[in-house]
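Heads up, model02.cif below (mmCIF, C-alpha atoms and all ligand atoms):
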data_target
#
loop_
_atom_site.group_PDB
_atom_site.id
_atom_site.type_symbol
_atom_site.label_atom_id
_atom_site.label_comp_id
_atom_site.auth_asym_id
_atom_site.auth_seq_id
_atom_site.Cartn_x
_atom_site.Cartn_y
_atom_site.Cartn_z
ATOM 1 C CA MET A 1 209.043 -75.021 24.446
ATOM 2 C CA ARG A 2 208.949 -72.675 21.474
ATOM 3 C CA ILE A 3 209.221 -68.873 21.508
ATOM 4 C CA ALA A 4 208.139 -66.652 18.614
ATOM 5 C CA VAL A 5 210.338 -63.677 17.809
ATOM 6 C CA LEU A 6 208.922 -60.902 15.648
ATOM 7 C CA ALA A 7 211.464 -60.824 12.822
ATOM 8 C CA VAL A 8 210.357 -58.078 10.446
ATOM 9 C CA GLN A 9 213.035 -55.583 11.557
ATOM 10 C CA GLY A 10 215.446 -54.913 14.429
ATOM 11 C CA SER A 11 217.394 -57.059 16.899
ATOM 12 C CA PHE A 12 215.468 -60.324 16.479
ATOM 13 C CA LEU A 13 218.539 -62.456 15.793
ATOM 14 C CA GLU A 14 220.100 -61.525 19.147
ATOM 15 C CA HIS A 15 216.901 -62.527 20.960
ATOM 16 C CA ARG A 16 216.792 -65.779 19.035
ATOM 17 C CA GLN A 17 220.347 -66.633 20.062
ATOM 18 C CA LYS A 18 219.573 -66.014 23.752
ATOM 19 C CA VAL A 19 216.452 -68.157 23.657
ATOM 20 C CA GLU A 20 218.237 -71.015 21.872
ATOM 21 C CA THR A 21 221.228 -70.835 24.234
ATOM 22 C CA LEU A 22 218.753 -71.384 27.066
ATOM 23 C CA GLY A 23 217.412 -74.505 25.372
ATOM 24 C CA ALA A 24 214.123 -73.316 23.855
ATOM 25 C CA GLN A 25 213.181 -73.457 20.187
ATOM 26 C CA CYS A 26 212.420 -70.370 18.158
ATOM 27 C CA VAL A 27 210.081 -69.450 15.346
ATOM 28 C CA GLU A 28 210.760 -66.190 13.519
ATOM 29 C CA LEU A 29 207.558 -64.347 12.641
ATOM 30 C CA ARG A 30 208.132 -62.901 9.169
ATOM 31 C CA GLN A 31 204.754 -63.493 7.562
ATOM 32 C CA ARG A 32 201.224 -64.468 8.471
ATOM 33 C CA GLY A 33 201.789 -68.191 7.831
ATOM 34 C CA ASP A 34 204.461 -68.296 10.563
ATOM 35 C CA LEU A 35 201.682 -67.820 13.122
ATOM 36 C CA GLU A 36 200.495 -71.358 12.406
ATOM 37 C CA THR A 37 203.529 -72.803 14.219
ATOM 38 C CA PRO A 38 202.517 -73.237 17.883
ATOM 39 C CA PHE A 39 204.468 -71.117 20.376
ATOM 40 C CA ASP A 40 204.457 -70.467 24.132
ATOM 41 C CA GLY A 41 205.702 -66.882 24.278
ATOM 42 C CA LEU A 42 206.354 -63.863 22.074
ATOM 43 C CA ILE A 43 209.352 -61.515 21.874
ATOM 44 C CA LEU A 44 209.051 -58.035 20.370
ATOM 45 C CA PRO A 45 212.621 -56.842 19.707
ATOM 46 C CA GLY A 46 214.237 -53.422 19.628
ATOM 47 C CA GLY A 47 214.474 -51.561 16.361
ATOM 48 C CA GLU A 48 212.183 -48.951 14.879
ATOM 49 C CA SER A 49 208.622 -49.077 16.167
ATOM 50 C CA THR A 50 207.101 -47.127 13.256
ATOM 51 C CA VAL A 51 208.572 -49.593 10.739
ATOM 52 C CA GLN A 52 207.619 -52.637 12.797
ATOM 53 C CA GLY A 53 204.069 -51.343 13.370
ATOM 54 C CA LYS A 54 203.590 -50.696 9.660
ATOM 55 C CA LEU A 55 204.980 -54.090 8.611
ATOM 56 C CA LEU A 56 202.881 -55.935 11.209
ATOM 57 C CA ARG A 57 199.761 -54.545 9.573
ATOM 58 C CA GLU A 58 200.940 -54.937 5.983
ATOM 59 C CA LEU A 59 201.944 -58.554 6.577
ATOM 60 C CA GLY A 60 198.587 -59.338 8.197
ATOM 61 C CA MET A 61 199.995 -60.343 11.597
ATOM 62 C CA PHE A 62 198.779 -57.417 13.696
ATOM 63 C CA GLU A 63 195.284 -58.507 14.773
ATOM 64 C CA ALA A 64 196.236 -62.137 15.395
ATOM 65 C CA LEU A 65 199.157 -61.161 17.621
ATOM 66 C CA LYS A 66 197.115 -58.576 19.502
ATOM 67 C CA ASP A 67 194.437 -61.196 20.195
ATOM 68 C CA ARG A 68 197.035 -63.619 21.548
ATOM 69 C CA ILE A 69 198.519 -60.963 23.834
ATOM 70 C CA LEU A 70 195.049 -60.081 25.120
ATOM 71 C CA GLN A 71 194.397 -63.776 25.749
ATOM 72 C CA GLY A 72 197.443 -63.941 28.036
ATOM 73 C CA MET A 73 200.350 -65.006 25.795
ATOM 74 C CA PRO A 74 203.580 -64.063 27.658
ATOM 75 C CA VAL A 75 205.398 -61.192 25.905
ATOM 76 C CA LEU A 76 208.903 -59.801 26.328
ATOM 77 C CA ALA A 77 209.078 -56.397 24.640
ATOM 78 C CA THR A 78 212.321 -54.457 24.462
ATOM 79 C CA CYS A 79 212.737 -50.826 23.424
ATOM 80 C CA ALA A 80 210.753 -50.483 20.161
ATOM 81 C CA GLY A 81 208.763 -53.502 21.383
ATOM 82 C CA LEU A 82 207.768 -51.563 24.507
ATOM 83 C CA ILE A 83 206.496 -48.776 22.215
ATOM 84 C CA LEU A 84 204.401 -51.336 20.308
ATOM 85 C CA LEU A 85 202.771 -52.526 23.551
ATOM 86 C CA ALA A 86 202.173 -49.107 25.136
ATOM 87 C CA GLY A 87 198.618 -47.903 25.645
ATOM 88 C CA LYS A 88 199.739 -44.321 25.008
ATOM 89 C CA LEU A 89 202.741 -42.443 23.602
ATOM 90 C CA SER A 90 203.210 -38.981 25.094
ATOM 91 C CA ASN A 91 205.075 -37.511 22.103
ATOM 92 C CA ASP A 92 203.523 -39.414 19.218
ATOM 93 C CA GLY A 93 199.868 -39.911 18.274
ATOM 94 C CA SER A 94 200.305 -43.565 17.315
ATOM 95 C CA VAL A 95 199.137 -46.543 19.332
ATOM 96 C CA TYR A 96 200.020 -50.045 18.170
ATOM 97 C CA PHE A 97 198.942 -53.048 20.278
ATOM 98 C CA GLY A 98 198.044 -50.808 23.212
ATOM 99 C CA THR A 99 197.796 -53.783 25.571
ATOM 100 C CA LEU A 100 200.142 -52.436 28.301
ATOM 101 C CA PRO A 101 198.586 -49.619 30.355
ATOM 102 C CA VAL A 102 201.559 -47.263 30.427
ATOM 103 C CA THR A 103 202.412 -43.914 28.864
ATOM 104 C CA VAL A 104 205.718 -44.094 27.021
ATOM 105 C CA ARG A 105 207.927 -41.296 25.711
ATOM 106 C CA ARG A 106 209.793 -42.203 22.508
ATOM 107 C CA ASN A 107 213.437 -41.204 22.023
ATOM 108 C CA ALA A 108 213.131 -39.883 25.552
ATOM 109 C CA TYR A 109 216.785 -39.232 26.297
ATOM 110 C CA GLY A 110 217.308 -36.753 23.445
ATOM 111 C CA ARG A 111 220.190 -36.614 20.991
ATOM 112 C CA GLN A 112 222.947 -35.993 23.514
ATOM 113 C CA LEU A 113 222.230 -39.162 25.424
ATOM 114 C CA GLY A 114 221.189 -41.221 22.406
ATOM 115 C CA SER A 115 222.927 -44.370 23.645
ATOM 116 C CA PHE A 116 224.359 -45.359 27.008
ATOM 117 C CA HIS A 117 225.115 -48.392 29.082
ATOM 118 C CA ILE A 118 224.650 -48.881 32.836
ATOM 119 C CA VAL A 119 224.292 -51.670 35.374
ATOM 120 C CA GLY A 120 221.008 -51.403 37.247
ATOM 121 C CA GLU A 121 218.684 -53.313 39.530
ATOM 122 C CA LEU A 122 215.890 -55.327 37.975
ATOM 123 C CA LYS A 123 213.353 -56.525 40.520
ATOM 124 C CA GLY A 124 213.470 -60.286 40.952
ATOM 125 C CA VAL A 125 216.748 -60.638 39.031
ATOM 126 C CA GLY A 126 219.345 -58.334 40.614
ATOM 127 C CA GLN A 127 222.009 -56.145 39.010
ATOM 128 C CA VAL A 128 221.871 -56.487 35.229
ATOM 129 C CA PRO A 129 223.568 -54.723 32.315
ATOM 130 C CA MET A 130 221.232 -52.248 30.606
ATOM 131 C CA THR A 131 221.995 -50.901 27.142
ATOM 132 C CA PHE A 132 219.858 -47.957 26.002
ATOM 133 C CA ILE A 133 219.749 -46.960 22.313
ATOM 134 C CA ARG A 134 217.503 -44.009 21.392
ATOM 135 C CA ALA A 135 215.422 -45.462 24.150
ATOM 136 C CA PRO A 136 211.936 -44.727 25.386
ATOM 137 C CA TYR A 137 211.077 -44.496 29.082
ATOM 138 C CA ILE A 138 207.798 -44.944 30.893
ATOM 139 C CA GLU A 139 206.271 -41.693 32.113
ATOM 140 C CA ASP A 140 203.248 -43.159 33.761
ATOM 141 C CA ALA A 141 202.277 -46.670 34.817
ATOM 142 C CA GLY A 142 198.585 -47.548 35.138
ATOM 143 C CA GLU A 143 196.836 -49.686 37.724
ATOM 144 C CA GLY A 144 198.184 -53.183 38.091
ATOM 145 C CA VAL A 145 201.521 -52.384 36.448
ATOM 146 C CA GLU A 146 204.465 -53.574 38.525
ATOM 147 C CA ILE A 147 207.615 -51.447 38.271
ATOM 148 C CA LEU A 148 210.677 -53.660 37.799
ATOM 149 C CA ALA A 149 213.373 -51.025 37.203
ATOM 150 C CA GLN A 150 213.957 -47.305 37.501
ATOM 151 C CA THR A 151 216.906 -45.461 36.027
ATOM 152 C CA GLU A 152 217.618 -41.992 37.394
ATOM 153 C CA GLY A 153 214.036 -41.654 38.548
ATOM 154 C CA LYS A 154 212.508 -42.831 35.252
ATOM 155 C CA ILE A 155 210.686 -46.141 34.936
ATOM 156 C CA THR A 156 212.585 -48.399 32.532
ATOM 157 C CA ALA A 157 211.049 -51.854 33.073
ATOM 158 C CA VAL A 158 207.564 -53.052 34.007
ATOM 159 C CA ARG A 159 205.430 -56.142 34.179
ATOM 160 C CA TYR A 160 201.683 -56.236 33.676
ATOM 161 C CA GLY A 161 200.256 -59.717 33.955
ATOM 162 C CA ARG A 162 202.390 -61.696 31.534
ATOM 163 C CA GLN A 163 203.618 -58.682 29.525
ATOM 164 C CA TYR A 164 207.164 -57.499 30.232
ATOM 165 C CA GLY A 165 208.197 -54.121 28.794
ATOM 166 C CA MET A 166 211.748 -52.763 28.963
ATOM 167 C CA SER A 167 213.360 -49.550 27.675
ATOM 168 C CA PHE A 168 216.730 -51.210 27.259
ATOM 169 C CA HIS A 169 218.066 -54.179 25.245
ATOM 170 C CA PRO A 170 218.781 -57.367 27.256
ATOM 171 C CA GLU A 171 219.347 -59.077 23.881
ATOM 172 C CA LEU A 172 222.477 -56.995 23.268
ATOM 173 C CA ASP A 173 224.333 -57.918 26.476
ATOM 174 C CA GLU A 174 225.953 -61.175 27.569
ATOM 175 C CA ASP A 175 223.696 -61.707 30.573
ATOM 176 C CA LEU A 176 221.017 -64.383 30.108
ATOM 177 C CA ARG A 177 218.977 -63.852 33.272
ATOM 178 C CA ILE A 178 216.221 -61.683 31.770
ATOM 179 C CA HIS A 179 215.556 -64.221 29.019
ATOM 180 C CA GLN A 180 215.672 -66.941 31.660
ATOM 181 C CA LEU A 181 213.043 -65.086 33.703
ATOM 182 C CA PHE A 182 210.897 -64.795 30.600
ATOM 183 C CA LEU A 183 211.225 -68.466 29.663
ATOM 184 C CA ARG A 184 210.140 -69.365 33.175
ATOM 185 C CA GLU A 185 207.088 -67.115 32.701
ATOM 186 C CA CYS A 186 206.404 -69.105 29.514
ATOM 187 C CA GLY A 187 206.489 -72.339 31.502
ATOM 188 C CA MET A 188 210.076 -73.603 31.233
ATOM 189 C CA ASP A 189 211.069 -75.658 34.263
ATOM 190 C CA ALA A 190 214.410 -75.771 36.116
ATOM 191 C CA GLN A 191 215.675 -78.536 33.804
ATOM 192 C CA GLY A 192 215.206 -76.253 30.808
ATOM 193 C CA LYS A 193 212.240 -78.239 29.421
HETATM 194 N N1 LIG A 201 213.766 -45.047 18.868
HETATM 195 C C1 LIG A 201 213.172 -46.288 18.489
HETATM 196 C C2 LIG A 201 211.671 -46.130 18.254
HETATM 197 O O1 LIG A 201 211.124 -45.117 18.509
HETATM 198 C C3 LIG A 201 213.421 -47.359 19.535
HETATM 199 C C4 LIG A 201 214.903 -47.594 19.648
HETATM 200 C C5 LIG A 201 215.315 -49.001 19.862
HETATM 201 O O2 LIG A 201 214.543 -49.952 19.791
HETATM 202 N N2 LIG A 201 216.596 -49.134 20.087
HETATM 203 O O3 LIG A 201 211.050 -47.050 17.795
#
For this file, produce the structure as structure tokens.
Amino acid sequence: MRIAVLAVQGSFLEHRQKVETLGAQCVELRQRGDLETPFDGLILPGGESTVQGKLLRELGMFEALKDRILQGMPVLATCAGLILLAGKLSNDGSVYFGTLPVTVRRNAYGRQLGSFHIVGELKGVGQVPMTFIRAPYIEDAGEGVEILAQTEGKITAVRYGRQYGMSFHPELDEDLRIHQLFLRECGMDAQGK
């Protein structure tokens, strides 16, 4: 099994390490040619969504990745990645892939609460560490969107078909269960194959 990690900016290395620890291979997507390597799932890391969105277009990867997501490629999107997937941003006119029918608020916790760490319940996994860094949250989830986590009344993780969107950064904590869940979605069996 091979997972592609968008590697133009942000916490891609941390995602790569998790995926490899769990026994899958990784391809870092840095330029258009990297899309020729076959892969079974896509990770959109945390970082800065405006920079990532701009680079995706400039490097000629945007349309090809959007098509794959629309065709059902499993996606794990964390923080800035969630912003890239969102169908609408409530405090920003931009839309990037727009494949996940949710309304997302960028930098939603304000300056005071720029970064924080909690342990919270993620549906289907249990109590997991959740690290928020200038995080977005989901203000509204459209039809067919399953809510996986809520933090103080705000939606912080969802699933829509094979797209997983999270406000926090599972790549920055020790716990491997969220990546494990995702690799299973991508088709990895219990033996890690
Ligand atoms: N604030 C960032 C953005 O708007 C997201 C922060 C993150 O990924 N840690 O893109």
Check what the PyMOL selection byres (((chain A and resi 177-179) around 10) and not hetatm) selects in the file above and give those residues as a list in words.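 On this input, the PyMOL selection byres (((chain A and resi 177-179) around 10) and not hetatm) captures His15, Lys18, Val19, Thr21, Leu22, Ile43, Leu76, Leu122, Gly124, Val125, Gly126, Val128, Pro170, Glu171, Glu174, Asp175, Leu176, Gln180, Leu181, Phe182, Leu183, Arg184 and Glu185 of chain A.
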So for ligand LIG 201 (chain A), what box centre and size do we get, axis-aligned, 6 Å extra on each of the six sides, every listed atom, Å to one decimal, as lines of an AutoDock Vina configuration file?
center_x = 213.8
center_y = -47.5
center_z = 18.9
size_x = 17.5
size_y = 16.9
size_z = 14.3
Find the distance between atom CA of A:Ile118 and atom CA of A:Thr131 and write it in Å to one decimal.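 Value for the atom CA of A:Ile118-atom CA of A:Thr131 distance: 6.6 Å.
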What is the atom CA of A:Gly120-atom CA of A:Thr151 distance in Å, reported with one decimal? 7.3 Å
At a cut-off of 9 Å, can you tabulate as a Markdown table every residue of chain A near ligand LIG 201 (chain A) together with its closest atom pair and the distance in Å to one decimal, using all atoms listed in the file and ordering rows by chain then number?
| residue | atom | partner | partner_atom | distance |
| --- | --- | --- | --- | --- |
| A:Gly10 | CA | A:LIG201 | O2 | 7.4 |
| A:Ser11 | CA | A:LIG201 | O2 | 8.2 |
| A:Pro45 | CA | A:LIG201 | O2 | 7.2 |
| A:Gly46 | CA | A:LIG201 | O2 | 3.5 |
| A:Gly47 | CA | A:LIG201 | O2 | 3.8 |
| A:Glu48 | CA | A:LIG201 | O3 | 3.7 |
| A:Ser49 | CA | A:LIG201 | O3 | 3.6 |
| A:Thr50 | CA | A:LIG201 | O3 | 6.0 |
| A:Val51 | CA | A:LIG201 | O3 | 7.9 |
| A:Gln52 | CA | A:LIG201 | O3 | 8.2 |
| A:Thr78 | CA | A:LIG201 | O2 | 6.9 |
| A:Cys79 | CA | A:LIG201 | O2 | 4.2 |
| A:Ala80 | CA | A:LIG201 | O2 | 3.8 |
| A:Gly81 | CA | A:LIG201 | O2 | 7.0 |
| A:Leu82 | CA | A:LIG201 | O2 | 8.4 |
| A:Ile83 | CA | A:LIG201 | O3 | 6.6 |
| A:Leu84 | CA | A:LIG201 | O3 | 8.3 |
| A:Arg105 | CA | A:LIG201 | O1 | 8.8 |
| A:Arg106 | CA | A:LIG201 | O1 | 5.1 |
| A:Asn107 | CA | A:LIG201 | N1 | 5.0 |
| A:Ala108 | CA | A:LIG201 | N1 | 8.5 |
| A:Ser115 | CA | A:LIG201 | N2 | 8.7 |
| A:Phe132 | CA | A:LIG201 | N2 | 6.9 |
| A:Ile133 | CA | A:LIG201 | N2 | 4.4 |
| A:Arg134 | CA | A:LIG201 | N1 | 4.6 |
| A:Ala135 | CA | A:LIG201 | C4 | 5.0 |
| A:Pro136 | CA | A:LIG201 | C3 | 6.6 |
| A:Ser167 | CA | A:LIG201 | O2 | 8.0 |
| A:Phe168 | CA | A:LIG201 | N2 | 7.5 |
| A:His169 | CA | A:LIG201 | N2 | 7.4 |
Could the residues in this selection be saved with C-alpha atoms as a PDB file, keeping the file's coordinate frame?
ATOM      1  CA  GLY A  10     215.446 -54.913  14.429  1.00  0.00           C
ATOM      2  CA  SER A  11     217.394 -57.059  16.899  1.00  0.00           C
ATOM      3  CA  PRO A  45     212.621 -56.842  19.707  1.00  0.00           C
ATOM      4  CA  GLY A  46     214.237 -53.422  19.628  1.00  0.00           C
ATOM      5  CA  GLY A  47     214.474 -51.561  16.361  1.00  0.00           C
ATOM      6  CA  GLU A  48     212.183 -48.951  14.879  1.00  0.00           C
ATOM      7  CA  SER A  49     208.622 -49.077  16.167  1.00  0.00           C
ATOM      8  CA  THR A  50     207.101 -47.127  13.256  1.00  0.00           C
ATOM      9  CA  VAL A  51     208.572 -49.593  10.739  1.00  0.00           C
ATOM     10  CA  GLN A  52     207.619 -52.637  12.797  1.00  0.00           C
ATOM     11  CA  THR A  78     212.321 -54.457  24.462  1.00  0.00           C
ATOM     12  CA  CYS A  79     212.737 -50.826  23.424  1.00  0.00           C
ATOM     13  CA  ALA A  80     210.753 -50.483  20.161  1.00  0.00           C
ATOM     14  CA  GLY A  81     208.763 -53.502  21.383  1.00  0.00           C
ATOM     15  CA  LEU A  82     207.768 -51.563  24.507  1.00  0.00           C
ATOM     16  CA  ILE A  83     206.496 -48.776  22.215  1.00  0.00           C
ATOM     17  CA  LEU A  84     204.401 -51.336  20.308  1.00  0.00           C
ATOM     18  CA  ARG A 105     207.927 -41.296  25.711  1.00  0.00           C
ATOM     19  CA  ARG A 106     209.793 -42.203  22.508  1.00  0.00           C
ATOM     20  CA  ASN A 107     213.437 -41.204  22.023  1.00  0.00           C
ATOM     21  CA  ALA A 108     213.131 -39.883  25.552  1.00  0.00           C
ATOM     22  CA  SER A 115     222.927 -44.370  23.645  1.00  0.00           C
ATOM     23  CA  PHE A 132     219.858 -47.957  26.002  1.00  0.00           C
ATOM     24  CA  ILE A 133     219.749 -46.960  22.313  1.00  0.00           C
ATOM     25  CA  ARG A 134     217.503 -44.009  21.392  1.00  0.00           C
ATOM     26  CA  ALA A 135     215.422 -45.462  24.150  1.00  0.00           C
ATOM     27  CA  PRO A 136     211.936 -44.727  25.386  1.00  0.00           C
ATOM     28  CA  SER A 167     213.360 -49.550  27.675  1.00  0.00           C
ATOM     29  CA  PHE A 168     216.730 -51.210  27.259  1.00  0.00           C
ATOM     30  CA  HIS A 169     218.066 -54.179  25.245  1.00  0.00           C
TER      31      HIS A 169
END
Which neighbours of A:Gly33 fall inside 12 Å, counting all atoms listed in the file, when residues of the same chain fewer than 4 positions from it are skipped, and could you give them as a ChimeraX atom specification? /A:27-29,37-38,59-61,64
Written file, previous selection with C-alpha atoms, as a JSON list (two decimals), in the coordinates of the input:
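Result saved to part.json:
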[["chain", "number", "residue", "atom", "x", "y", "z"],
["A", 27, "VAL", "CA", 210.08, -69.45, 15.35],
["A", 28, "GLU", "CA", 210.76, -66.19, 13.52],
["A", 29, "LEU", "CA", 207.56, -64.35, 12.64],
["A", 37, "THR", "CA", 203.53, -72.80, 14.22],
["A", 38, "PRO", "CA", 202.52, -73.24, 17.88],
["A", 59, "LEU", "CA", 201.94, -58.55, 6.58],
["A", 60, "GLY", "CA", 198.59, -59.34, 8.20],
["A", 61, "MET", "CA", 200.00, -60.34, 11.60],
["A", 64, "ALA", "CA", 196.24, -62.14, 15.40]]
Could you jot down the atom CA of A:Arg159 to atom CA of A:Leu35 separation for me, Å, one decimal place?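 The value is 24.4 Å.
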Please produce, as a Markdown table, a per-residue contact table for stretch 25-81 of chain A versus stretch 95-104 of chain A (criterion: any atom at most 8 Å away, all atoms listed in the file considered), showing the nearest atom pair and its distance in Å to one decimal, sorted by chain then residue number.
| residue | atom | partner | partner_atom | distance |
| --- | --- | --- | --- | --- |
| A:Gly53 | CA | A:Tyr96 | CA | 6.4 |
| A:Phe62 | CA | A:Phe97 | CA | 7.9 |
| A:Lys66 | CA | A:Phe97 | CA | 5.9 |
| A:Ile69 | CA | A:Thr99 | CA | 7.4 |
| A:Leu70 | CA | A:Thr99 | CA | 6.9 |
Near-stretch 186-189 of chain A list (6 Å; all atoms listed in the file; drop same-chain fewer than 3 positions) as number ranges by chain: A: 40-41, 183, 192-193
To verify the selection step, state as a PyMOL selection string which residues the PyMOL selection byres (((chain A and resi 160) around 7) and not hetatm) yields on this input. chain A and resi 100+144-146+158-159+161-164
Nearest to A:Arg30, chosen from A:Pro74, A:Arg68, A:Arg57, A:Leu148, with only C-alpha atoms counted in the distances: A:Arg57
For each of A:Val8, A:Leu42, A:Val75, A:Ala149, take the minimum atom-to-atom distance to A:Lys54, counting only C-alpha atoms, then give the residue where this is smallest.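 Answer, going by the shortest atom-to-atom distance: A:Val8.
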